[in-house]
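One file, final_17.cif, carrying mmCIF, C-alpha atoms:
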```cif
data_query
#
loop_
_atom_site.label_atom_id
_atom_site.label_comp_id
_atom_site.auth_asym_id
_atom_site.auth_seq_id
_atom_site.Cartn_x
_atom_site.Cartn_y
_atom_site.Cartn_z
CA MET A 289 100.18 118.56 200.34
CA SER A 290 98.61 120.82 197.75
CA ALA A 291 100.57 123.94 196.96
CA PRO A 292 99.02 126.96 198.63
CA VAL A 293 98.20 129.96 196.45
CA ARG A 294 98.89 133.50 197.50
CA ASP A 295 97.36 136.76 196.53
CA THR A 296 99.98 139.04 198.03
CA THR A 297 102.97 139.62 195.84
CA ALA A 298 106.14 141.66 196.14
CA SER A 299 108.10 143.14 193.24
CA PHE A 300 111.64 144.40 192.70
CA THR A 301 112.84 146.26 189.61
CA MET A 302 116.35 147.16 188.49
CA ARG A 303 118.28 148.05 185.33
CA ALA A 304 120.30 145.20 183.86
CA ILE A 305 121.45 143.84 180.49
CA GLY A 306 120.41 147.07 178.79
CA THR A 307 116.79 146.92 179.86
CA THR A 308 114.42 146.72 182.81
CA ALA A 309 114.61 143.61 184.96
CA GLN A 310 111.77 142.83 187.34
CA VAL A 311 111.08 139.94 189.67
CA VAL A 312 107.76 139.31 191.43
CA VAL A 313 107.25 136.65 194.10
CA THR A 314 104.16 135.30 195.82
CA ASP A 315 105.99 135.26 199.16
CA PRO A 316 106.84 138.91 199.92
CA ALA A 317 109.28 137.89 202.64
CA ARG A 318 111.48 136.37 199.94
CA ILE A 319 111.72 139.31 197.55
CA ASP A 320 115.24 140.32 198.61
CA LEU A 321 116.54 136.81 198.06
CA ALA A 322 114.75 136.62 194.72
CA ALA A 323 116.28 139.92 193.63
CA GLU A 324 119.74 138.69 194.58
CA ILE A 325 119.33 135.47 192.60
CA LEU A 326 118.11 137.44 189.59
CA ARG A 327 120.97 139.92 189.87
CA THR A 328 123.50 137.08 189.97
CA GLN A 329 121.93 135.30 187.04
CA LEU A 330 121.83 138.42 184.89
CA ARG A 331 125.47 139.14 185.67
CA GLU A 332 126.29 135.64 184.46
CA ILE A 333 124.30 135.96 181.24
CA ASP A 334 125.77 139.41 180.57
CA MET A 335 129.33 138.13 180.95
CA ALA A 336 128.54 135.17 178.73
CA ALA A 337 126.30 136.49 175.96
CA SER A 338 126.50 140.28 175.65
CA ARG A 339 127.77 141.59 172.33
CA PHE A 340 128.31 145.01 173.86
CA ARG A 341 130.91 143.98 176.43
CA ASP A 342 134.49 143.61 175.28
CA ASP A 343 135.10 141.15 178.09
CA SER A 344 132.17 138.82 177.38
CA GLU A 345 132.62 135.30 176.10
CA LEU A 346 130.50 136.18 173.07
CA ALA A 347 132.89 139.02 172.21
CA ARG A 348 135.71 136.46 172.09
CA VAL A 349 133.68 134.26 169.77
CA ASN A 350 132.83 137.20 167.51
CA GLY A 351 136.44 138.33 167.43
CA ALA A 352 138.00 134.93 166.80
CA ASN A 353 138.29 135.35 163.02
CA GLY A 354 137.16 131.82 162.24
CA ARG A 355 138.93 130.02 165.06
CA ALA A 356 137.17 127.62 167.44
CA VAL A 357 136.74 129.26 170.84
CA PRO A 358 136.32 127.42 174.14
CA ILE A 359 133.21 128.68 175.93
CA GLY A 360 131.46 127.98 179.21
CA PRO A 361 128.27 125.96 179.63
CA LEU A 362 126.02 129.00 179.90
CA LEU A 363 127.03 130.49 176.55
CA MET A 364 127.00 127.00 175.08
CA ASP A 365 123.37 126.64 176.13
CA ALA A 366 122.51 130.12 174.87
CA ILE A 367 124.05 129.46 171.45
CA ARG A 368 122.50 126.04 171.09
CA ILE A 369 119.09 127.43 172.00
CA ALA A 370 119.55 130.16 169.40
CA LEU A 371 120.44 127.55 166.77
CA ARG A 372 117.55 125.33 167.74
CA VAL A 373 115.22 128.30 167.32
CA SER A 374 116.77 128.99 163.92
CA ARG A 375 116.15 125.40 162.89
CA ASP A 376 112.56 125.40 164.12
CA THR A 377 111.73 128.75 162.52
CA GLU A 378 113.47 127.69 159.31
CA GLY A 379 115.88 130.57 159.60
CA LEU A 380 113.36 133.34 160.33
CA VAL A 381 115.24 133.93 163.58
CA ASP A 382 119.00 133.71 163.13
CA PRO A 383 121.83 134.59 165.54
CA THR A 384 124.25 135.36 162.70
CA ILE A 385 122.53 138.68 162.07
CA GLY A 386 125.06 140.32 164.43
CA GLY A 387 127.21 141.67 161.61
CA SER A 388 124.16 143.03 159.80
CA MET A 389 123.01 144.75 162.97
CA VAL A 390 126.39 146.43 163.44
CA SER A 391 126.50 147.53 159.80
CA LEU A 392 123.07 149.08 160.15
CA GLY A 393 124.20 151.13 163.13
CA TRP A 394 123.24 149.22 166.27
CA ASP A 395 126.79 148.69 167.46
CA ARG A 396 126.55 149.59 171.14
CA ASP A 397 124.23 149.32 174.12
CA PHE A 398 120.95 150.85 173.04
CA THR A 399 120.89 153.17 176.05
CA VAL A 400 123.97 155.01 174.74
CA LEU A 401 123.11 154.87 171.04
CA ASP A 402 122.40 158.30 169.54
CA ARG A 403 119.11 157.57 167.85
CA THR A 404 118.52 161.02 166.41
CA VAL A 405 121.52 161.33 164.09
CA ALA A 406 121.31 159.31 160.88
CA ARG A 407 124.70 157.65 160.57
CA ARG A 408 125.82 156.00 157.37
CA ALA A 409 124.75 152.37 157.33
CA ILE A 410 125.24 149.54 154.91
CA VAL A 411 123.25 146.39 154.33
CA ARG A 412 125.23 143.24 154.95
CA ARG A 413 124.10 139.72 154.22
CA THR A 414 123.95 137.27 157.10
CA PRO A 415 126.15 134.17 156.89
CA GLY A 416 123.28 131.98 158.09
CA TRP A 417 122.88 129.89 161.22
CA LYS A 418 124.00 126.68 159.52
CA ARG A 419 127.52 128.06 159.36
CA VAL A 420 127.85 128.07 163.14
CA GLU A 421 129.86 125.12 164.38
CA VAL A 422 129.15 123.90 167.88
CA ASP A 423 131.23 121.13 169.40
CA ALA A 424 129.48 120.32 172.65
CA ALA A 425 131.96 117.62 173.61
CA ALA A 426 134.93 119.93 173.19
CA GLY A 427 133.02 122.92 174.57
CA THR A 428 133.87 125.12 171.59
CA VAL A 429 132.04 127.23 169.04
CA ARG A 430 133.27 128.58 165.75
CA ILE A 431 131.74 131.07 163.37
CA PRO A 432 132.93 132.11 159.91
CA PRO A 433 135.58 134.85 159.75
CA GLY A 434 133.91 138.25 159.91
CA ALA A 435 130.60 136.87 161.18
CA GLU A 436 129.10 138.09 164.44
CA LEU A 437 126.53 136.41 166.63
CA ASP A 438 123.72 138.41 168.18
CA LEU A 439 121.74 136.37 170.69
CA GLY A 440 119.28 139.19 171.36
CA ALA A 441 116.29 137.28 170.00
CA THR A 442 116.73 134.38 172.42
CA ALA A 443 119.21 135.07 175.22
CA LYS A 444 116.99 137.49 177.15
CA ALA A 445 114.10 135.03 177.03
CA PHE A 446 116.45 132.20 178.01
CA ALA A 447 117.65 134.31 180.93
CA ALA A 448 114.05 134.93 182.03
CA ASP A 449 113.23 131.21 181.94
CA ARG A 450 116.44 130.31 183.72
CA ALA A 451 116.01 132.90 186.45
CA ALA A 452 112.34 132.12 187.10
CA THR A 453 113.07 128.40 187.44
CA ALA A 454 116.06 128.97 189.71
CA ILE A 455 114.19 131.36 191.99
CA ALA A 456 111.16 129.07 192.29
CA MET A 457 113.37 126.09 193.04
CA GLN A 458 115.49 127.88 195.60
CA LEU A 459 112.75 129.81 197.34
CA GLY A 460 109.76 127.51 196.89
CA CYS A 461 107.29 130.20 195.91
CA GLY A 462 105.60 131.53 192.79
CA VAL A 463 107.84 133.72 190.60
CA LEU A 464 107.45 136.03 187.64
CA VAL A 465 110.58 137.36 185.94
CA ASN A 466 110.21 140.17 183.41
CA LEU A 467 113.24 141.14 181.34
CA GLY A 468 112.26 144.02 179.09
CA GLY A 469 108.84 142.54 178.38
CA ASP A 470 110.01 138.93 178.12
CA ILE A 471 108.04 137.34 180.95
CA SER A 472 108.57 133.88 182.41
CA THR A 473 106.82 132.36 185.41
CA ALA A 474 107.53 129.38 187.66
CA GLY A 475 106.08 127.89 190.81
CA PRO A 476 102.52 128.27 192.09
CA PRO A 477 100.83 131.42 190.72
CA PRO A 478 98.63 133.84 192.63
CA SER A 479 95.07 132.55 193.04
CA ARG A 480 93.81 134.38 189.93
CA GLY A 481 97.00 133.86 187.95
CA TRP A 482 99.59 136.42 186.91
CA LEU A 483 97.99 139.54 185.47
CA VAL A 484 100.10 140.90 182.60
CA ARG A 485 99.49 144.22 180.80
CA LEU A 486 99.93 144.30 177.02
CA ALA A 487 101.78 147.35 175.76
CA GLU A 488 103.66 148.47 172.69
CA ASP A 489 106.54 149.43 175.00
CA HIS A 490 107.21 147.27 178.05
CA ALA A 491 108.23 150.45 179.89
CA ALA A 492 104.74 151.94 179.56
CA ASP A 493 103.97 154.03 182.61
CA ALA A 494 102.06 152.48 185.44
CA GLY A 495 98.74 154.24 185.41
CA ILE A 496 98.16 153.89 181.68
CA VAL A 497 95.16 151.64 181.29
CA LEU A 498 95.97 148.77 178.94
CA PRO A 499 94.48 145.42 177.93
CA ALA A 500 95.63 142.63 180.21
CA VAL A 501 95.61 138.84 180.29
CA ARG A 502 96.09 136.25 183.00
CA ILE A 503 98.43 133.27 182.82
CA GLU A 504 98.65 130.43 185.31
CA SER A 505 102.07 129.27 184.14
CA GLY A 506 104.47 129.52 181.24
CA ALA A 507 105.53 132.72 179.57
CA ILE A 508 104.61 135.72 177.45
CA ALA A 509 106.84 137.71 175.11
CA THR A 510 106.33 140.62 172.75
CA SER A 511 108.31 141.71 169.72
CA SER A 512 107.84 145.20 168.36
CA THR A 513 108.96 147.21 165.37
CA THR A 514 108.24 150.55 167.02
CA VAL A 515 110.25 150.69 170.22
CA ARG A 516 113.89 149.87 169.50
CA THR A 517 114.39 152.15 166.49
CA TRP A 518 117.14 154.45 165.23
CA ARG A 519 117.92 156.70 162.26
CA ALA A 520 120.36 155.63 159.57
CA ASN A 521 121.41 156.70 156.12
CA VAL A 522 121.12 153.64 153.88
CA ASP A 523 122.06 153.95 150.22
CA GLY A 524 121.79 157.73 150.45
CA ARG A 525 118.34 157.58 151.99
CA SER A 526 117.57 158.51 155.57
CA ARG A 527 115.44 155.82 157.16
CA THR A 528 114.13 154.78 160.53
CA LEU A 529 115.33 151.26 161.23
CA HIS A 530 114.10 148.78 163.81
CA HIS A 531 115.89 145.90 165.46
CA VAL A 532 113.96 142.91 164.14
CA LEU A 533 116.05 141.98 161.14
CA ASP A 534 114.97 139.65 158.38
CA PRO A 535 117.92 137.26 158.07
CA ARG A 536 117.05 136.72 154.41
CA THR A 537 117.78 140.35 153.55
CA GLY A 538 119.98 141.60 156.38
CA GLN A 539 117.57 144.53 156.80
CA PRO A 540 114.77 145.36 159.23
CA ALA A 541 111.76 143.19 158.46
CA GLU A 542 109.15 144.96 156.35
CA SER A 543 106.52 143.55 158.58
CA GLY A 544 103.41 145.67 158.58
CA LEU A 545 103.06 144.61 162.22
CA ARG A 546 103.64 146.90 165.16
CA THR A 547 103.72 144.23 167.86
CA VAL A 548 103.25 140.51 168.22
CA THR A 549 102.65 139.01 171.67
CA VAL A 550 102.77 135.24 172.15
CA ALA A 551 102.00 133.00 175.13
CA ALA A 552 103.87 129.71 175.36
CA SER A 553 105.26 127.24 177.83
CA THR A 554 108.65 128.94 177.88
CA CYS A 555 109.80 132.45 177.19
CA VAL A 556 112.28 131.16 174.61
CA THR A 557 109.38 129.71 172.63
CA ALA A 558 107.22 132.80 173.08
CA ASN A 559 109.96 135.16 171.98
CA ALA A 560 111.09 132.97 169.10
CA ALA A 561 107.53 132.88 167.82
CA SER A 562 106.86 136.60 168.26
CA THR A 563 110.11 137.49 166.49
CA ALA A 564 109.48 135.02 163.67
CA ALA A 565 105.95 136.37 163.23
CA ILE A 566 107.31 139.90 162.79
CA VAL A 567 109.68 138.61 160.11
CA VAL A 568 106.95 136.61 158.39
CA GLY A 569 104.93 139.82 158.14
CA HIS A 570 101.31 140.75 158.48
CA ALA A 571 100.01 138.81 155.49
CA HIS A 572 101.03 135.41 156.85
CA ALA A 573 101.95 135.83 160.52
CA ALA A 574 98.56 134.86 161.95
CA THR A 575 98.49 131.68 159.89
CA TRP A 576 102.09 130.87 160.80
CA LEU A 577 101.25 131.15 164.50
CA ALA A 578 97.94 129.30 164.25
CA GLU A 579 99.58 126.38 162.45
CA ARG A 580 101.86 126.00 165.46
CA GLN A 581 98.96 126.41 167.89
CA LEU A 582 100.59 129.42 169.44
CA SER A 583 98.17 131.75 171.13
CA ALA A 584 98.97 135.30 170.08
CA ARG A 585 97.87 138.91 169.76
CA LEU A 586 99.05 140.86 166.72
CA VAL A 587 98.75 144.60 166.20
CA ASP A 588 98.72 145.31 162.48
CA ASP A 589 99.59 148.74 161.05
CA GLU A 590 96.38 148.72 159.04
CA ALA A 591 94.10 145.87 160.13
CA GLY A 592 94.12 146.62 163.84
CA THR A 593 94.39 143.91 166.47
CA ILE A 594 94.22 140.23 165.53
CA PHE A 595 93.71 137.42 168.03
CA VAL A 596 95.06 133.95 167.25
CA ALA A 597 94.51 130.49 168.73
CA GLY A 598 92.24 131.41 171.61
CA TRP A 599 93.87 134.64 172.72
CA PRO A 600 91.08 136.61 174.48
CA LYS A 601 89.82 139.81 172.95
CA ASP A 602 91.02 143.05 174.53
CA GLY A 603 89.11 143.90 177.69
CA GLN A 604 87.54 140.47 178.03
CA GLU A 605 87.41 139.16 181.59
CA ASP A 606 87.20 135.46 182.42
CA MET B 66 104.26 129.19 204.75
CA THR B 67 106.13 126.80 207.00
CA GLU B 68 109.63 125.53 206.25
CA ASP B 69 108.16 122.06 205.62
CA GLU B 70 105.74 123.48 203.07
CA ARG B 71 108.53 125.46 201.47
CA ARG B 72 110.72 122.37 201.22
CA ALA B 73 107.83 120.39 199.73
CA LEU B 74 107.28 123.06 197.10
CA ALA B 75 110.98 123.10 196.26
CA ALA B 76 110.90 119.31 195.91
CA GLN B 77 107.91 119.58 193.59
CA ALA B 78 109.72 122.17 191.47
CA ARG B 79 112.79 119.94 191.27
CA ALA B 80 110.62 116.97 190.26
CA ARG B 81 108.98 119.04 187.52
CA GLN B 82 112.37 120.20 186.30
CA GLN B 83 113.64 116.61 186.25
CA GLN B 84 110.54 115.50 184.38
CA ARG B 85 111.06 118.22 181.76
CA GLU B 86 114.70 117.27 181.35
CA THR B 87 113.77 113.60 181.02
CA THR B 88 111.08 114.46 178.50
CA GLY B 89 113.62 116.39 176.44
CA ARG B 90 116.10 113.53 176.47
CA ASN B 91 113.38 111.03 175.67
CA TRP B 92 112.33 113.10 172.67
CA VAL B 93 115.77 112.60 171.20
CA ALA B 94 115.95 108.94 172.21
CA ASP B 95 112.45 108.16 170.95
CA HIS B 96 113.00 109.81 167.62
CA THR B 97 116.39 108.21 167.15
CA ALA B 98 115.14 104.74 168.08
CA ALA B 99 111.93 105.02 166.12
CA ILE B 100 113.26 106.19 162.81
CA GLY B 101 116.66 104.54 162.71
CA ILE B 102 120.05 105.72 161.62
CA GLY B 103 119.19 106.13 157.93
CA ALA B 104 116.16 108.19 158.70
CA VAL B 105 118.17 110.28 161.10
CA ALA B 106 120.53 111.11 158.28
CA THR B 107 117.56 112.00 156.10
CA MET B 108 116.12 114.17 158.84
CA LEU B 109 119.43 115.92 159.38
CA ALA B 110 119.77 116.50 155.67
CA PHE B 111 116.26 117.87 155.61
CA ILE B 112 117.03 120.48 158.19
CA GLY B 113 120.12 121.30 156.26
CA ILE B 114 122.87 120.23 158.54
CA ALA B 115 124.08 116.84 157.41
CA ALA B 116 125.82 118.32 154.40
CA ALA B 117 127.88 120.48 156.68
CA THR B 118 129.75 117.41 157.87
CA GLY B 119 131.65 117.23 154.64
CA ASP B 120 129.73 118.49 151.65
CA SER B 121 131.40 121.73 150.84
CA SER B 122 128.80 122.69 148.25
CA ASP B 123 126.05 122.97 150.85
CA ASP B 124 128.46 124.37 153.34
CA SER B 125 128.86 127.40 151.18
CA THR B 126 125.15 128.02 150.81
CA THR B 127 123.73 130.81 152.89
CA ASN B 128 120.21 130.74 154.15
CA ASP B 129 119.06 133.28 151.61
CA GLY B 130 119.87 130.82 148.87
CA SER B 131 122.87 132.72 147.57
CA THR B 132 126.34 131.24 147.62
CA THR B 133 129.48 132.58 149.13
CA THR B 134 133.10 131.70 148.71
CA THR B 135 134.20 129.45 151.51
CA SER B 136 137.76 128.52 152.31
CA GLU B 137 138.76 124.89 151.93
CA THR B 138 139.82 124.81 155.55
CA TRP B 139 136.46 126.05 156.68
CA SER B 140 134.40 123.68 154.58
CA GLN B 141 136.30 120.64 155.76
CA GLN B 142 135.75 121.28 159.41
CA PRO B 143 133.39 118.92 161.22
CA GLN B 144 129.98 120.33 161.92
CA GLN B 145 128.52 119.44 165.27
CA PHE B 146 125.11 120.96 164.93
CA GLN B 147 123.45 117.55 164.61
CA ASP B 148 124.01 117.26 168.35
CA GLN B 149 121.75 120.23 168.81
CA ASP B 150 118.93 118.42 170.56
CA GLN B 151 121.09 116.64 173.07
CA GLY B 152 122.91 117.51 176.22
CA PHE B 153 121.34 120.81 177.15
CA SER B 154 121.97 121.58 180.76
CA ASP B 155 118.93 123.79 181.17
CA ASP B 156 115.39 122.52 181.06
CA SER B 157 114.19 125.33 178.83
CA SER B 158 116.53 124.34 176.06
CA GLY B 159 115.75 120.77 175.07
CA GLY B 160 113.60 119.37 172.32
CA ASP B 161 111.57 121.16 169.72
CA THR B 162 110.90 124.85 170.20
CA PHE B 163 107.25 124.65 169.23
CA SER B 164 106.32 121.17 170.43
CA ASN B 165 104.97 122.33 173.73
CA GLY B 166 102.64 125.29 173.30
CA GLY B 167 101.52 127.07 176.39
CA GLY B 168 97.82 127.36 175.73
CA ALA B 169 95.83 130.56 175.57
CA PRO B 170 95.86 133.05 178.41
CA SER B 171 92.58 134.03 180.00
CA GLY B 172 91.05 137.47 179.74
CA GLY B 173 92.27 139.97 182.28
CA GLY B 174 90.17 142.96 181.31
CA PHE B 175 92.04 146.24 181.48
CA SER B 176 94.71 147.19 183.95
CA GLY B 177 96.25 150.47 184.95
CA GLY B 178 99.26 148.71 186.36
CA ASP B 179 98.58 148.85 190.08
CA ASP B 180 96.91 145.45 190.10
CA SER B 181 99.08 143.74 187.47
CA GLN B 182 102.35 141.92 188.07
CA GLY B 183 104.11 142.91 184.88
CA THR B 184 103.93 144.53 181.46
CA THR B 185 104.94 142.87 178.22
CA GLY B 186 105.89 144.94 175.22
CA GLY B 187 108.73 145.82 172.94
CA SER B 188 112.08 146.68 174.44
#
```
As structure tokens - that is how I would like this structure written.
Amino acid sequence: MSAPVRDTTASFTMRAIGTTAQVVVTDPARIDLAAEILRTQLREIDMAASRFRDDSELARVNGANGRAVPIGPLLMDAIRIALRVSRDTEGLVDPTIGGSMVSLGWDRDFTVLDRTVARRAIVRRTPGWKRVEVDAAAGTVRIPPGAELDLGATAKAFAADRAATAIAMQLGCGVLVNLGGDISTAGPPPSRGWLVRLAEDHAADAGIVLPAVRIESGAIATSSTTVRTWRANVDGRSRTLHHVLDPRTGQPAESGLRTVTVAASTCVTANAASTAAIVVGHAHAATWLAERQLSARLVDDEAGTIFVAGWPKDGQED
Amino acid sequence: MTEDERRALAAQARARQQQRETTGRNWVADHTAAIGIGAVATMLAFIGIAAATGDSSDDSTTNDGSTTTTSETWSQQPQQFQDQDQGFSDDSSGGDTFSNGGGAPSGGGFSGGDDSQGTTGGS
């Protein structure tokens, strides 16, 4: 039997894990079930990997002062994925930036962070991902005393991949999961593919006309230096900081790029690549992506929009 | 869609998942078998993790190239990161991050949102 394709989709949107969570299915009769699966999965990932919940497993790891901490399989996967991404990006994406992020002022859920008042911030070096000890057999993880893990660069994408796969498997229809702009798909797509708008802010109003692309499968993710920003006083100087830190400096990447959007087979890959490209910066990001055959769209502060590895030009229709 | 069709689709999805998991495991097995134990050690050293099993000098090196003071207790602890590629329980987590690119999307023109299924962007 060939998988039927469907053109009617249903969508459900909610707030979760500090951002917008959306699920779209090709079988509208199944949207309530899909939403319930997504809700359950996000609750699990939040309890495992949030650095803003005192009762999360990650909070226990971050507060363990150098001791090995037993963790569940979900956080184990999330941490190992983060470390694998660190290895494959040669440290451009690093989960041990958590302490640096806190020192720079992002120490609570972004929705409750006062972004207008410049609080005193200090630059703190990152310990580096190689200092994270994972014992899969024992089910423990250990980080250096004082270090903090932030899985923000990978856990949301991992959650999108995990949820899309679970929903497609359980409901047997095409699925798109969008967690704050990290988009993962699974199952048979609509007949013309999934149409995805490309914005600087994933929360761009419906009605704003934007470039769009179609994907048949896989994932798309965007990293931006312009959306998640806050004011801070660093070394006596008031600055606007953004959340994509360069692990080599412990400071926001001086990127020269506004956004990088990448298409890949999984959202983890897409988000790892888009984040790494921001850190690499505008002079080398396109080459870095092209060398890895990652199709991408970069918006440069000065050079405009750059298309890499077959990404269609804005407005093009296939 | 009938229940039979739905079940068939679910079976296909499970088969794909299993194939991806098998591919991930095979990547590890193939590389281990092909390059041998010595080369594995070289590879691990190359990605900067072998030293963490006992070489305290590398263990105290941060990824920015600077060095930090590390306690004796800390530097002598076993480092398990070499197991990184094995044993993931989720299909999205195995293997090499960039070994399986997704290909380029196709052009979708412009969209005002009513006809699109999602919006990607910074968050």
Can you list what the PyMOL selection byres ((chain A and resi 516) around 9) grabs from this structure, as a ChimeraX atom specification? /A:398,512-515,517-518,529-532 /B:187-188
Find the residues near Gly544 in chain A: any atom within 8 Å, counting all atoms listed in the file, skip ones fewer than 5 places away on the same chain, and give them as a list in words. Gly569, His570, Asp588, Asp589 and Glu590 of chain A
Evaluate the PyMOL selection byres ((chain A and resi 499) around 8) and report residues as a ChimeraX atom specification: /A:485-487,497-498,500-501,602-603 /B:173-176
In Å and to one decimal, CA of Pro476 in chain A is distant from CA of Leu330 in chain A by 23.0 Å
Specify as a VMD selection string each residue included when the PyMOL selection byres ((chain A and resi 453-456) around 8) is applied to this file. (chain A and resid 322 325 to 326 449 to 452 457 to 463 473 to 475) or (chain B and resid 75 78)
Quick one: pull the distance between CA of Arg546 in chain A and CA of Met302 in chain A, Å, one decimal.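 If I compute the distance from CA of Arg546 in chain A to CA of Met302 in chain A, I get 26.6 Å.
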Using all atoms listed in the file, the best pick from A:Ala441, A:Val548, A:Ala574, A:Ile496 as closest to chain B would be A:Ile496
Find the spatial neighbours of Thr184 in chain B, counting only C-alpha atoms, within a cut-off of 8 Å - ignore same-chain residues fewer than 2 positions away - and output them as a list in words. Asn466, Gly469, Val484, Arg485, Leu486, Ala487, His490, Ala491 and Ala492 of chain A; Gly178, Ser181, Gln182 and Gly186 of chain B
Between CA of Ala520 in chain A and CA of Gly387 in chain A - distance in Å to one decimal: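 Between CA of Gly387 in chain A and CA of Ala520 in chain A the gap works out to 15.7 Å.
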From the set A:Asp343, A:Glu436, A:Asp315, A:Glu332, which residue has the shortest atom-to-atom contact distance to chain B, counting all atoms listed in the file?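 When distances to chain B are compared using all atoms listed in the file, the smallest one comes from A:Asp315.
Proximity of A:Arg403, A:Gly434, A:Val381, A:Val429 to Ala541 in chain A, computed with all atoms listed in the file, is greatest for A:Val381.
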Neighbours of range 409-426 of chain A within 7 Å (all atoms listed in the file; same-chain residues fewer than 2 positions away dropped), as a ChimeraX atom specification? /A:371,374,382-385,388,391-393,407,428-432,435,520-522,535,537-539 /B:114,127-128,144-146
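Considering only C-alpha atoms, the residue among A:Ala558, A:Ala564, A:Leu439, A:Ile471 positioned nearest to Asn350 in chain A is A:Leu439.
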